[in-house]
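Undergrad: For reference, this is query15.cif, and it has mmCIF, C-alpha atoms and all ligand atoms.
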data_run
loop_
_atom_site.group_PDB
_atom_site.id
_atom_site.type_symbol
_atom_site.label_atom_id
_atom_site.label_comp_id
_atom_site.auth_asym_id
_atom_site.auth_seq_id
_atom_site.Cartn_x
_atom_site.Cartn_y
_atom_site.Cartn_z
ATOM 1 C CA MET A 29 108.414 119.429 80.210
ATOM 2 C CA PRO A 30 110.261 116.772 78.179
ATOM 3 C CA SER A 31 113.946 117.486 77.536
ATOM 4 C CA PRO A 32 114.676 118.642 73.978
ATOM 5 C CA HIS A 33 117.809 116.470 73.916
ATOM 6 C CA LEU A 34 118.622 112.768 74.130
ATOM 7 C CA LEU A 35 122.247 112.631 75.231
ATOM 8 C CA THR A 36 122.459 109.743 77.696
ATOM 9 C CA LEU A 37 120.475 106.962 79.345
ATOM 10 C CA HIS A 38 122.294 107.598 82.625
ATOM 11 C CA ASN A 39 119.677 108.598 85.196
ATOM 12 C CA LEU A 40 116.875 108.544 82.613
ATOM 13 C CA PRO A 41 113.978 107.252 84.737
ATOM 14 C CA ALA A 42 112.578 103.817 83.915
ATOM 15 C CA ASP A 43 109.159 105.388 83.278
ATOM 16 C CA GLU A 44 110.646 107.640 80.628
ATOM 17 C CA ILE A 45 112.541 104.782 78.971
ATOM 18 C CA ARG A 46 109.319 102.749 78.917
ATOM 19 C CA ALA A 47 107.387 105.700 77.454
ATOM 20 C CA ILE A 48 109.873 105.970 74.554
ATOM 21 C CA LEU A 49 109.774 102.203 73.958
ATOM 22 C CA ARG A 50 105.959 102.127 74.063
ATOM 23 C CA GLU A 51 105.893 104.890 71.469
ATOM 24 C CA ALA A 52 108.403 102.907 69.374
ATOM 25 C CA ILE A 53 106.155 99.827 69.584
ATOM 26 C CA ALA A 54 103.192 101.961 68.475
ATOM 27 C CA PHE A 55 105.186 103.368 65.531
ATOM 28 C CA ARG A 56 106.263 99.858 64.572
ATOM 29 C CA ALA A 57 102.621 98.709 64.453
ATOM 30 C CA LEU A 58 101.536 101.785 62.487
ATOM 31 C CA ALA A 59 104.353 101.297 59.975
ATOM 32 C CA ALA A 60 103.411 97.624 59.560
ATOM 33 C CA SER A 61 99.799 98.566 58.803
ATOM 34 C CA GLY A 62 100.827 101.388 56.464
ATOM 35 C CA SER A 63 99.114 104.012 58.622
ATOM 36 C CA LEU A 64 101.962 106.166 59.903
ATOM 37 C CA ALA A 65 100.917 109.809 60.215
ATOM 38 C CA PRO A 66 103.371 112.558 59.186
ATOM 39 C CA ARG A 67 104.012 113.595 62.800
ATOM 40 C CA LEU A 68 107.161 115.516 61.853
ATOM 41 C CA ALA A 69 105.829 117.293 58.750
ATOM 42 C CA GLY A 70 107.365 120.751 58.483
ATOM 43 C CA ARG A 71 110.357 119.820 60.667
ATOM 44 C CA THR A 72 113.939 119.456 59.445
ATOM 45 C CA VAL A 73 116.418 116.968 60.912
ATOM 46 C CA GLY A 74 120.152 117.384 60.278
ATOM 47 C CA THR A 75 122.592 114.503 60.652
ATOM 48 C CA LEU A 76 126.210 115.322 61.519
ATOM 49 C CA PHE A 77 128.359 112.208 61.678
ATOM 50 C CA PHE A 78 132.004 112.937 62.456
ATOM 51 C CA GLU A 79 132.540 109.136 62.611
ATOM 52 C CA ASN A 80 131.427 106.480 60.168
ATOM 53 C CA SER A 81 128.053 104.792 60.488
ATOM 54 C CA THR A 82 125.762 102.508 58.538
ATOM 55 C CA ARG A 83 122.914 101.595 60.911
ATOM 56 C CA THR A 84 122.483 104.658 63.070
ATOM 57 C CA ARG A 85 122.696 107.261 60.361
ATOM 58 C CA THR A 86 120.465 105.390 57.937
ATOM 59 C CA SER A 87 117.832 104.501 60.510
ATOM 60 C CA PHE A 88 117.640 108.066 61.836
ATOM 61 C CA SER A 89 117.158 109.278 58.248
ATOM 62 C CA ILE A 90 114.500 106.655 57.498
ATOM 63 C CA ALA A 91 112.728 107.403 60.780
ATOM 64 C CA ALA A 92 112.614 111.146 60.095
ATOM 65 C CA LEU A 93 111.570 110.744 56.442
ATOM 66 C CA ARG A 94 108.782 108.255 57.248
ATOM 67 C CA LEU A 95 107.375 110.726 59.772
ATOM 68 C CA GLY A 96 107.307 113.452 57.128
ATOM 69 C CA ALA A 97 110.404 115.464 58.150
ATOM 70 C CA GLU A 98 113.014 116.797 55.761
ATOM 71 C CA VAL A 99 116.502 115.386 56.300
ATOM 72 C CA ILE A 100 119.802 117.160 55.664
ATOM 73 C CA ASP A 101 122.774 114.758 55.777
ATOM 74 C CA LEU A 102 125.970 116.778 56.132
ATOM 75 C CA PRO A 103 128.801 114.897 54.414
ATOM 76 C CA VAL A 104 131.432 115.659 57.042
ATOM 77 C CA ALA A 105 134.339 114.404 54.929
ATOM 78 C CA GLY A 106 133.605 117.083 52.344
ATOM 79 C CA SER A 107 132.664 119.791 54.845
ATOM 80 C CA SER A 108 134.585 122.725 56.289
ATOM 81 C CA HIS A 109 135.299 120.559 59.356
ATOM 82 C CA ALA A 110 138.139 119.188 57.208
ATOM 83 C CA LYS A 111 139.527 122.768 57.028
ATOM 84 C CA GLY A 112 139.726 123.002 60.799
ATOM 85 C CA GLU A 113 136.255 124.247 61.737
ATOM 86 C CA THR A 114 135.332 123.091 65.256
ATOM 87 C CA LEU A 115 132.530 120.611 65.903
ATOM 88 C CA THR A 116 130.536 123.322 67.633
ATOM 89 C CA ASP A 117 130.971 125.832 64.828
ATOM 90 C CA THR A 118 129.934 123.211 62.288
ATOM 91 C CA ALA A 119 126.855 122.348 64.377
ATOM 92 C CA ARG A 120 125.906 126.015 64.858
ATOM 93 C CA THR A 121 126.348 126.625 61.128
ATOM 94 C CA VAL A 122 124.014 123.764 60.217
ATOM 95 C CA GLU A 123 121.531 124.997 62.831
ATOM 96 C CA ALA A 124 121.633 128.483 61.291
ATOM 97 C CA LEU A 125 120.667 126.935 57.957
ATOM 98 C CA GLY A 126 117.407 125.963 59.631
ATOM 99 C CA VAL A 127 117.174 122.595 61.341
ATOM 100 C CA ASP A 128 114.903 121.674 64.247
ATOM 101 C CA ALA A 129 117.003 118.715 65.416
ATOM 102 C CA LEU A 130 120.614 117.639 65.013
ATOM 103 C CA VAL A 131 121.642 113.975 65.201
ATOM 104 C CA VAL A 132 125.349 113.982 66.060
ATOM 105 C CA ARG A 133 128.071 111.323 66.225
ATOM 106 C CA ALA A 134 131.571 112.300 67.333
ATOM 107 C CA SER A 135 134.713 110.488 68.376
ATOM 108 C CA GLN A 136 135.219 112.605 71.510
ATOM 109 C CA SER A 137 133.326 111.596 74.670
ATOM 110 C CA GLY A 138 131.188 114.545 75.766
ATOM 111 C CA ALA A 139 131.303 116.324 72.402
ATOM 112 C CA VAL A 140 127.579 115.893 71.725
ATOM 113 C CA GLU A 141 126.635 117.365 75.092
ATOM 114 C CA MET A 142 129.010 120.266 74.398
ATOM 115 C CA ILE A 143 127.188 120.902 71.106
ATOM 116 C CA ALA A 144 123.785 120.662 72.834
ATOM 117 C CA ARG A 145 124.845 123.477 75.182
ATOM 118 C CA ARG A 146 125.733 125.748 72.256
ATOM 119 C CA VAL A 147 122.738 125.311 69.956
ATOM 120 C CA GLY A 148 119.057 126.105 70.350
ATOM 121 C CA CYS A 149 117.659 123.076 68.520
ATOM 122 C CA ALA A 150 117.112 119.547 69.822
ATOM 123 C CA VAL A 151 120.238 117.344 69.846
ATOM 124 C CA LEU A 152 120.274 113.533 69.757
ATOM 125 C CA ASN A 153 123.459 111.662 70.600
ATOM 126 C CA ALA A 154 124.226 109.103 67.882
ATOM 127 C CA GLY A 155 127.351 107.947 69.754
ATOM 128 C CA ASP A 156 130.128 110.009 71.379
ATOM 129 C CA GLY A 157 133.517 108.374 71.820
ATOM 130 C CA ARG A 158 133.508 105.822 74.624
ATOM 131 C CA HIS A 159 130.690 107.604 76.443
ATOM 132 C CA GLU A 160 127.166 106.682 75.279
ATOM 133 C CA HIS A 161 124.973 105.621 72.390
ATOM 134 C CA PRO A 162 121.523 106.086 73.933
ATOM 135 C CA THR A 163 119.336 105.108 70.986
ATOM 136 C CA GLN A 164 121.345 101.877 70.624
ATOM 137 C CA GLY A 165 120.654 101.174 74.308
ATOM 138 C CA LEU A 166 116.946 101.787 73.726
ATOM 139 C CA LEU A 167 116.690 99.590 70.629
ATOM 140 C CA ASP A 168 118.621 96.832 72.379
ATOM 141 C CA ALA A 169 116.212 96.950 75.335
ATOM 142 C CA LEU A 170 113.250 96.742 72.969
ATOM 143 C CA THR A 171 114.769 93.851 71.011
ATOM 144 C CA LEU A 172 115.494 91.945 74.197
ATOM 145 C CA ALA A 173 111.986 92.601 75.543
ATOM 146 C CA ASP A 174 110.522 91.314 72.259
ATOM 147 C CA ALA A 175 112.663 88.170 72.324
ATOM 148 C CA MET A 176 111.855 87.380 75.957
ATOM 149 C CA GLY A 177 108.113 88.014 75.676
ATOM 150 C CA ARG A 178 108.377 91.183 77.801
ATOM 151 C CA ALA A 179 107.247 93.785 75.245
ATOM 152 C CA GLU A 180 103.903 94.223 77.016
ATOM 153 C CA THR A 181 105.431 95.139 80.377
ATOM 154 C CA LEU A 182 108.909 96.296 79.321
ATOM 155 C CA ASP A 183 110.028 94.801 82.639
ATOM 156 C CA LEU A 184 113.342 92.932 82.310
ATOM 157 C CA SER A 185 113.526 91.796 85.955
ATOM 158 C CA GLY A 186 115.131 88.400 86.393
ATOM 159 C CA LEU A 187 117.001 88.496 83.070
ATOM 160 C CA HIS A 188 120.778 88.166 83.083
ATOM 161 C CA VAL A 189 122.634 89.924 80.270
ATOM 162 C CA ALA A 190 126.349 89.300 79.674
ATOM 163 C CA ILE A 191 128.050 92.133 77.747
ATOM 164 C CA VAL A 192 131.304 90.725 76.447
ATOM 165 C CA GLY A 193 134.592 91.864 74.915
ATOM 166 C CA ASP A 194 136.020 95.339 74.472
ATOM 167 C CA VAL A 195 133.814 96.840 77.191
ATOM 168 C CA VAL A 196 136.152 99.674 78.125
ATOM 169 C CA SER A 197 135.910 101.211 74.633
ATOM 170 C CA SER A 198 132.197 100.719 74.253
ATOM 171 C CA ARG A 199 129.583 103.465 74.389
ATOM 172 C CA VAL A 200 127.038 100.751 73.533
ATOM 173 C CA ALA A 201 127.971 98.868 76.719
ATOM 174 C CA ARG A 202 127.521 101.960 78.888
ATOM 175 C CA SER A 203 124.121 102.861 77.435
ATOM 176 C CA ASN A 204 123.005 99.248 77.768
ATOM 177 C CA VAL A 205 124.140 99.112 81.394
ATOM 178 C CA PHE A 206 122.008 102.151 82.193
ATOM 179 C CA GLY A 207 119.012 101.157 80.067
ATOM 180 C CA LEU A 208 118.837 97.451 80.909
ATOM 181 C CA THR A 209 119.373 97.870 84.643
ATOM 182 C CA ALA A 210 116.765 100.661 84.776
ATOM 183 C CA LEU A 211 114.301 98.136 83.343
ATOM 184 C CA GLY A 212 115.263 95.543 85.954
ATOM 185 C CA ALA A 213 117.875 93.322 84.241
ATOM 186 C CA THR A 214 121.144 92.176 85.822
ATOM 187 C CA VAL A 215 124.278 92.851 83.751
ATOM 188 C CA THR A 216 127.666 91.133 83.845
ATOM 189 C CA LEU A 217 130.481 92.887 81.979
ATOM 190 C CA VAL A 218 132.943 90.279 80.737
ATOM 191 C CA GLY A 219 136.461 90.601 79.349
ATOM 192 C CA PRO A 220 140.130 90.489 80.268
ATOM 193 C CA PRO A 221 141.007 93.059 82.985
ATOM 194 C CA ALA A 222 142.434 95.524 80.442
ATOM 195 C CA LEU A 223 139.126 95.527 78.555
ATOM 196 C CA ALA A 224 136.716 95.056 81.468
ATOM 197 C CA PRO A 225 138.306 96.792 84.466
ATOM 198 C CA PRO A 226 136.653 96.100 87.842
ATOM 199 C CA SER A 227 135.849 99.826 88.232
ATOM 200 C CA LEU A 228 133.069 99.429 85.635
ATOM 201 C CA GLY A 229 131.113 97.495 88.265
ATOM 202 C CA ALA A 230 130.297 100.875 89.838
ATOM 203 C CA LEU A 231 128.402 102.128 86.778
ATOM 204 C CA ALA A 232 125.003 101.091 88.155
ATOM 205 C CA GLN A 233 123.265 98.772 90.571
ATOM 206 C CA ARG A 234 122.950 95.122 89.455
ATOM 207 C CA VAL A 235 126.197 95.357 87.425
ATOM 208 C CA ARG A 236 129.284 93.244 88.046
ATOM 209 C CA VAL A 237 132.521 92.555 86.199
ATOM 210 C CA GLU A 238 133.850 89.059 85.480
ATOM 211 C CA HIS A 239 136.954 88.010 83.568
ATOM 212 C CA ASP A 240 136.068 84.371 82.890
ATOM 213 C CA PHE A 241 133.615 84.214 79.983
ATOM 214 C CA ASP A 242 133.207 80.449 80.258
ATOM 215 C CA ALA A 243 132.013 80.769 83.863
ATOM 216 C CA VAL A 244 129.384 83.384 82.920
ATOM 217 C CA LEU A 245 128.224 81.917 79.589
ATOM 218 C CA PRO A 246 125.933 79.061 80.790
ATOM 219 C CA HIS A 247 124.019 81.429 83.118
ATOM 220 C CA ALA A 248 123.275 84.292 80.705
ATOM 221 C CA ASP A 249 119.861 84.753 79.091
ATOM 222 C CA THR A 250 121.472 87.100 76.579
ATOM 223 C CA VAL A 251 125.052 87.277 75.364
ATOM 224 C CA MET A 252 125.731 90.698 73.888
ATOM 225 C CA MET A 253 129.016 90.657 72.026
ATOM 226 C CA LEU A 254 130.874 93.929 71.406
ATOM 227 C CA ARG A 255 132.947 94.930 68.425
ATOM 228 C CA VAL A 256 136.682 95.133 69.083
ATOM 229 C CA GLN A 257 137.193 98.872 68.604
ATOM 230 C CA PHE A 258 140.630 99.052 67.064
ATOM 231 C CA GLU A 259 140.214 102.735 66.327
ATOM 232 C CA ARG A 260 139.878 103.602 70.019
ATOM 233 C CA HIS A 261 143.055 101.874 71.188
ATOM 234 C CA GLY A 262 145.405 103.681 68.802
ATOM 235 C CA ASP A 263 147.761 102.213 66.264
ATOM 236 C CA ALA A 264 150.013 100.728 68.932
ATOM 237 C CA MET A 265 147.148 98.527 70.080
ATOM 238 C CA ARG A 266 146.601 96.880 66.766
ATOM 239 C CA MET A 267 148.956 94.102 67.672
ATOM 240 C CA ALA A 268 151.058 95.236 70.617
ATOM 241 C CA SER A 269 148.884 96.580 73.444
ATOM 242 C CA PRO A 270 148.668 94.463 76.608
ATOM 243 C CA ALA A 271 144.914 94.319 75.967
ATOM 244 C CA PHE A 272 145.580 92.548 72.674
ATOM 245 C CA ALA A 273 148.782 90.597 73.184
ATOM 246 C CA SER A 274 147.400 88.778 70.206
ATOM 247 C CA LEU A 275 144.030 88.705 68.566
ATOM 248 C CA ARG A 276 144.127 84.932 68.904
ATOM 249 C CA GLU A 277 144.420 85.370 72.689
ATOM 250 C CA PHE A 278 141.493 87.795 72.679
ATOM 251 C CA ARG A 279 139.377 85.364 70.722
ATOM 252 C CA ALA A 280 140.299 82.495 73.024
ATOM 253 C CA ALA A 281 139.381 84.550 76.106
ATOM 254 C CA CYS A 282 136.152 86.141 74.976
ATOM 255 C CA GLY A 283 135.173 85.331 71.418
ATOM 256 C CA LEU A 284 131.768 83.714 70.935
ATOM 257 C CA SER A 285 132.819 80.818 68.721
ATOM 258 C CA SER A 286 130.426 78.207 67.379
ATOM 259 C CA GLU A 287 131.834 75.744 69.909
ATOM 260 C CA ARG A 288 131.272 78.156 72.807
ATOM 261 C CA ALA A 289 127.755 79.001 71.637
ATOM 262 C CA GLN A 290 126.799 75.354 72.209
ATOM 263 C CA ARG A 291 127.350 75.939 75.925
ATOM 264 C CA MET A 292 124.789 78.737 76.103
ATOM 265 C CA LYS A 293 121.656 78.315 78.191
ATOM 266 C CA PRO A 294 118.696 76.847 76.250
ATOM 267 C CA GLY A 295 116.636 79.740 74.866
ATOM 268 C CA ALA A 296 119.442 82.257 75.368
ATOM 269 C CA VAL A 297 119.952 84.790 72.585
ATOM 270 C CA VAL A 298 122.938 86.511 70.962
ATOM 271 C CA MET A 299 123.089 90.248 70.333
ATOM 272 C CA HIS A 300 125.684 92.508 68.717
ATOM 273 C CA PRO A 301 125.290 96.214 67.883
ATOM 274 C CA GLY A 302 127.246 95.807 64.644
ATOM 275 C CA PRO A 303 129.345 96.116 62.668
ATOM 276 C CA VAL A 304 130.647 92.610 63.462
ATOM 277 C CA ASN A 305 134.267 91.489 63.184
ATOM 278 C CA ARG A 306 133.307 88.009 62.006
ATOM 279 C CA GLY A 307 135.674 85.352 63.290
ATOM 280 C CA LEU A 308 137.042 87.627 66.014
ATOM 281 C CA GLU A 309 134.500 88.524 68.706
ATOM 282 C CA LEU A 310 131.742 86.492 67.012
ATOM 283 C CA ASP A 311 131.730 83.572 64.585
ATOM 284 C CA GLY A 312 129.730 84.119 61.416
ATOM 285 C CA GLU A 313 127.828 80.894 62.025
ATOM 286 C CA VAL A 314 126.596 82.225 65.395
ATOM 287 C CA ALA A 315 125.828 85.673 63.984
ATOM 288 C CA ASP A 316 123.618 84.045 61.357
ATOM 289 C CA SER A 317 122.045 81.436 63.660
ATOM 290 C CA ASP A 318 118.491 81.273 65.021
ATOM 291 C CA ARG A 319 119.795 82.562 68.360
ATOM 292 C CA SER A 320 120.979 85.801 66.795
ATOM 293 C CA LEU A 321 118.901 88.987 67.184
ATOM 294 C CA ILE A 322 121.317 91.129 65.176
ATOM 295 C CA LEU A 323 119.007 92.021 62.295
ATOM 296 C CA LYS A 324 116.079 92.494 64.693
ATOM 297 C CA GLN A 325 118.241 95.036 66.527
ATOM 298 C CA VAL A 326 118.844 96.834 63.230
ATOM 299 C CA ALA A 327 115.139 96.792 62.328
ATOM 300 C CA ASN A 328 114.121 98.162 65.736
ATOM 301 C CA GLY A 329 116.436 101.106 65.127
ATOM 302 C CA VAL A 330 113.822 102.761 62.937
ATOM 303 C CA PRO A 331 110.820 102.857 65.341
ATOM 304 C CA VAL A 332 113.071 103.642 68.311
ATOM 305 C CA ARG A 333 114.553 106.597 66.436
ATOM 306 C CA MET A 334 111.078 107.709 65.374
ATOM 307 C CA ALA A 335 110.056 107.770 69.033
ATOM 308 C CA SER A 336 113.291 109.525 70.020
ATOM 309 C CA LEU A 337 112.890 112.235 67.379
ATOM 310 C CA VAL A 338 109.246 112.845 68.306
ATOM 311 C CA ARG A 339 110.157 113.036 72.003
ATOM 312 C CA CYS A 340 112.968 115.517 71.399
ATOM 313 C CA LEU A 341 111.082 117.662 68.917
ATOM 314 C CA SER A 342 108.080 117.816 71.265
ATOM 315 C CA GLY A 343 110.495 118.867 74.004
ATOM 316 C CA ALA A 344 112.040 121.513 71.745
ATOM 317 C CA ALA A 345 108.582 122.860 70.931
ATOM 318 C CA ALA A 346 107.686 122.952 74.625
ATOM 319 C CA ALA A 347 110.994 124.667 75.443
ATOM 320 C CA ALA A 348 110.354 127.328 72.824
ATOM 321 C CA THR A 349 106.937 128.316 74.194
HETATM 322 N N1 LIG A 401 125.528 100.052 66.045
HETATM 323 C C1 LIG A 401 125.984 101.130 65.377
HETATM 324 O O1 LIG A 401 126.127 102.226 65.925
HETATM 325 O O2 LIG A 401 126.257 100.890 64.071
HETATM 326 P P1 LIG A 401 126.762 101.984 63.027
HETATM 327 O O3 LIG A 401 128.164 102.378 63.432
HETATM 328 O O4 LIG A 401 126.719 101.297 61.683
HETATM 329 O O5 LIG A 401 125.836 103.170 63.108
#
Now, as a test, write the supplied structure out as structure tokens.
Ligand code: CP

TA:
Amino acid sequence: MPSPHLLTLHNLPADEIRAILREAIAFRALAASGSLAPRLAGRTVGTLFFENSTRTRTSFSIAALRLGAEVIDLPVAGSSHAKGETLTDTARTVEALGVDALVVRASQSGAVEMIARRVGCAVLNAGDGRHEHPTQGLLDALTLADAMGRAETLDLSGLHVAIVGDVVSSRVARSNVFGLTALGATVTLVGPPALAPPSLGALAQRVRVEHDFDAVLPHADTVMMLRVQFERHGDAMRMASPAFASLREFRAACGLSSERAQRMKPGAVVMHPGPVNRGLELDGEVADSDRSLILKQVANGVPVRMASLVRCLSGAAAAAT
């Protein structure tokens, strides 16, 4: 029986990841030919974003609407959460209004799993604190497979992905480590020790941590830059934390400048989950270059979230019978 939730890519078997990506590829082809069927007609999807979002929220909504579902977007800023209602009470309240699936983003690691334990509907993790962002991991794997001519097999063996920058804060990095290595890729996490601590090398097999970006850069097939997550280091970090003795130092150590991009392997690609701090972790010229897959990542968000919603709602239906 499929699980009614999508909370993490950790320990999700490669076969299951490939099944979701194959369904996403099928949805992408159906959408391109204008022949999508309303697979989610009669279902209601609620989005609960306790943190800001452009890509994830919008693409989940588009995915659900194009498959015929109704979508309820709870505007958290104007909700009773602002009066002190807990995340779980807010989620249970929206569920009681009649939703079949909740798409939840929260700033606390583990909060989405906590909600999933307290509600009866399907729950999809749209990013929880520093923990995971599983649909981002899935859409990144699909985008990389497309770019490397591996969409047929969804086998990423032999590919070397460098994930660079503020790794310690990044739920995208963790989901990518689990997703990419499950599909066979090798991952190097790159950043100064405060942002890429050696302990992260234990996250999965075929993962290592390096502090010298320039040593890793010429050997990577993909350079995935991460947003510097100021909001997760606290106000003190903004200029004073040891991790950010200065933003200029950060950029010198692990920013992908135009000059550095020239030392990438021929055929290597640049990824970034967005939003981008242009001129900090990534130069605008590189973000907009032919090497960049950034907008392809965004576009793949829709079919991947279609496949994720269908998987979870099928699981919820199976669980209810
Ligand atoms: N990549 C990502 O999660 O972007 P948003 O914060 O815009 O959803």

Undergrad: Tell me which of A:Ser197, A:Asn80, A:Gln325, A:Ser87 sits closest to Met252 in chain A, counting all atoms listed in the file.

TA: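 When distances to Met252 in chain A are compared using all atoms listed in the file, the smallest one comes from A:Gln325.
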
Undergrad: What's the 9 Å shell around Pro303 in chain A, counting all atoms listed in the file, without same-chain residues fewer than 3 positions away, as a list in words?

TA: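 Result of the neighbour search: Thr82, Arg83, Arg255 and His300 of chain A.
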
Undergrad: For CA of Thr214 in chain A and CA of Leu172 in chain A, quote the distance in Å rounded to one decimal.

TA: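 Here the two named atoms are 12.9 Å from each other.
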
Undergrad: Would you compute, for all listed atoms of ligand LIG 401 (chain A), the axis-aligned bounding box grown by 6 Å on each side, and then report its centre and edge lengths in Å rounded to one decimal, as JSON?

TA:
{"center_x": 126.8, "center_y": 101.6, "center_z": 63.9, "size_x": 14.6, "size_y": 15.1, "size_z": 16.4}

Undergrad: For a quick check of understanding, using all atoms listed in the file, which of A:Asp174, A:Glu160, A:Asp316, A:Glu238 has the smallest distance to ligand LIG 401 (chain A)?

TA: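 Checking each candidate against ligand LIG 401 (chain A), we get A:Glu160 as the closest.
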
Undergrad: On this structure, the PyMOL selection byres (((chain A and resi 256) around 9) and not hetatm) would catch which residues? List them as a list in words, sorted by chain and number.

TA: Gly193, Asp194, Val195, Ser197, Ser198, Leu254, Arg255, Gln257, Phe258, Glu259, Val304, Asn305, Leu308 and Glu309 of chain A

Undergrad: Decode the PyMOL selection byres (((chain A and resi 209) around 12) and not hetatm) for the given file into explicit residues and return them as a PyMOL selection string.

TA: chain A and resi 37-42+45+165-166+169+182-189+201-208+210-216+231-236

Undergrad: Go ahead and compute the interatomic distance for CA of Leu245 in chain A and CA of Gln290 in chain A, in Å to one decimal.

TA: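 Between CA of Leu245 in chain A and CA of Gln290 in chain A the gap is 10.0 Å.
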
Undergrad: Report as a ChimeraX atom specification all protein, DNA and RNA residues lying within 12 Å of Thr163 in chain A, evaluated on only C-alpha atoms, omitting residues in the same chain fewer than 3 positions from it.

TA: /A:33-37,45,48-49,52,83-85,87-88,131-133,152-156,160,166-170,199-200,202-204,206-207,301,325-326,328-337

Undergrad: Using all atoms listed in the file, find the one residue out of A:Lys293, A:Ala222, A:Ala230, A:Arg50 that sits nearest to His247 in chain A.

TA: A:Lys293

Undergrad: Considering all atoms listed in the file, can you say which of A:Met292, A:Ile322, A:Leu341, A:Leu58 comes closest to ligand LIG 401 (chain A)?

TA: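 The closest residue to ligand LIG 401 (chain A) is A:Ile322.
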
Undergrad: Please report the interatomic distance between CA of Ala60 in chain A and CA of Asp128 in chain A in Å with one decimal.

TA: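 Pair CA of Ala60 in chain A / CA of Asp128 in chain A returns 27.1 Å.
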
Undergrad: Using only C-alpha atoms and all ligand atoms, pick whichever of A:Gln136, A:Thr121, A:Ser81, A:Ser108 has the shortest atom-to-atom distance to ligand LIG 401 (chain A).

TA: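 Of all the options, A:Ser81 lies closest to ligand LIG 401 (chain A).
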
Undergrad: Evaluate the PyMOL selection byres (((chain A and resi 137) around 6) and not hetatm) against this structure - the residues, as a ChimeraX atom specification, please.

TA: /A:136,138-139,156-159

Undergrad: Have range 247-259 of chain A completed to N, CA and C atoms, please, and pass it along as an mmCIF file, in the coordinates of the input.

TA:
data_model
loop_
_atom_site.group_PDB
_atom_site.id
_atom_site.type_symbol
_atom_site.label_atom_id
_atom_site.label_comp_id
_atom_site.auth_asym_id
_atom_site.auth_seq_id
_atom_site.Cartn_x
_atom_site.Cartn_y
_atom_site.Cartn_z
ATOM 1 N N HIS A 247 125.039 80.830 82.240
ATOM 2 C CA HIS A 247 124.019 81.429 83.118
ATOM 3 C C HIS A 247 123.350 82.654 82.501
ATOM 4 N N ALA A 248 123.801 83.047 81.307
ATOM 5 C CA ALA A 248 123.275 84.292 80.705
ATOM 6 C C ALA A 248 122.052 84.001 79.834
ATOM 7 N N ASP A 249 121.030 84.841 79.979
ATOM 8 C CA ASP A 249 119.861 84.753 79.091
ATOM 9 C C ASP A 249 120.163 85.425 77.755
ATOM 10 N N THR A 250 121.075 86.371 77.791
ATOM 11 C CA THR A 250 121.472 87.100 76.579
ATOM 12 C C THR A 250 122.973 87.295 76.604
ATOM 13 N N VAL A 251 123.625 87.004 75.488
ATOM 14 C CA VAL A 251 125.052 87.277 75.364
ATOM 15 C C VAL A 251 125.193 88.378 74.317
ATOM 16 N N MET A 252 125.566 89.555 74.796
ATOM 17 C CA MET A 252 125.731 90.698 73.888
ATOM 18 C C MET A 252 127.217 90.874 73.619
ATOM 19 N N MET A 253 127.613 90.542 72.396
ATOM 20 C CA MET A 253 129.016 90.657 72.026
ATOM 21 C C MET A 253 129.290 92.085 71.536
ATOM 22 N N LEU A 254 130.496 92.570 71.809
ATOM 23 C CA LEU A 254 130.874 93.929 71.406
ATOM 24 C C LEU A 254 131.950 93.873 70.332
ATOM 25 N N ARG A 255 131.902 94.823 69.445
ATOM 26 C CA ARG A 255 132.947 94.930 68.425
ATOM 27 C C ARG A 255 134.274 95.309 69.087
ATOM 28 N N VAL A 256 135.352 94.676 68.663
ATOM 29 C CA VAL A 256 136.682 95.133 69.083
ATOM 30 C C VAL A 256 136.940 96.459 68.371
ATOM 31 N N GLN A 257 137.148 97.508 69.170
ATOM 32 C CA GLN A 257 137.193 98.872 68.604
ATOM 33 C C GLN A 257 138.649 99.291 68.384
ATOM 34 N N PHE A 258 139.215 98.770 67.339
ATOM 35 C CA PHE A 258 140.630 99.052 67.064
ATOM 36 C C PHE A 258 140.911 100.544 67.044
ATOM 37 N N GLU A 259 139.971 101.308 66.497
ATOM 38 C CA GLU A 259 140.214 102.735 66.327
ATOM 39 C C GLU A 259 140.329 103.478 67.654
#
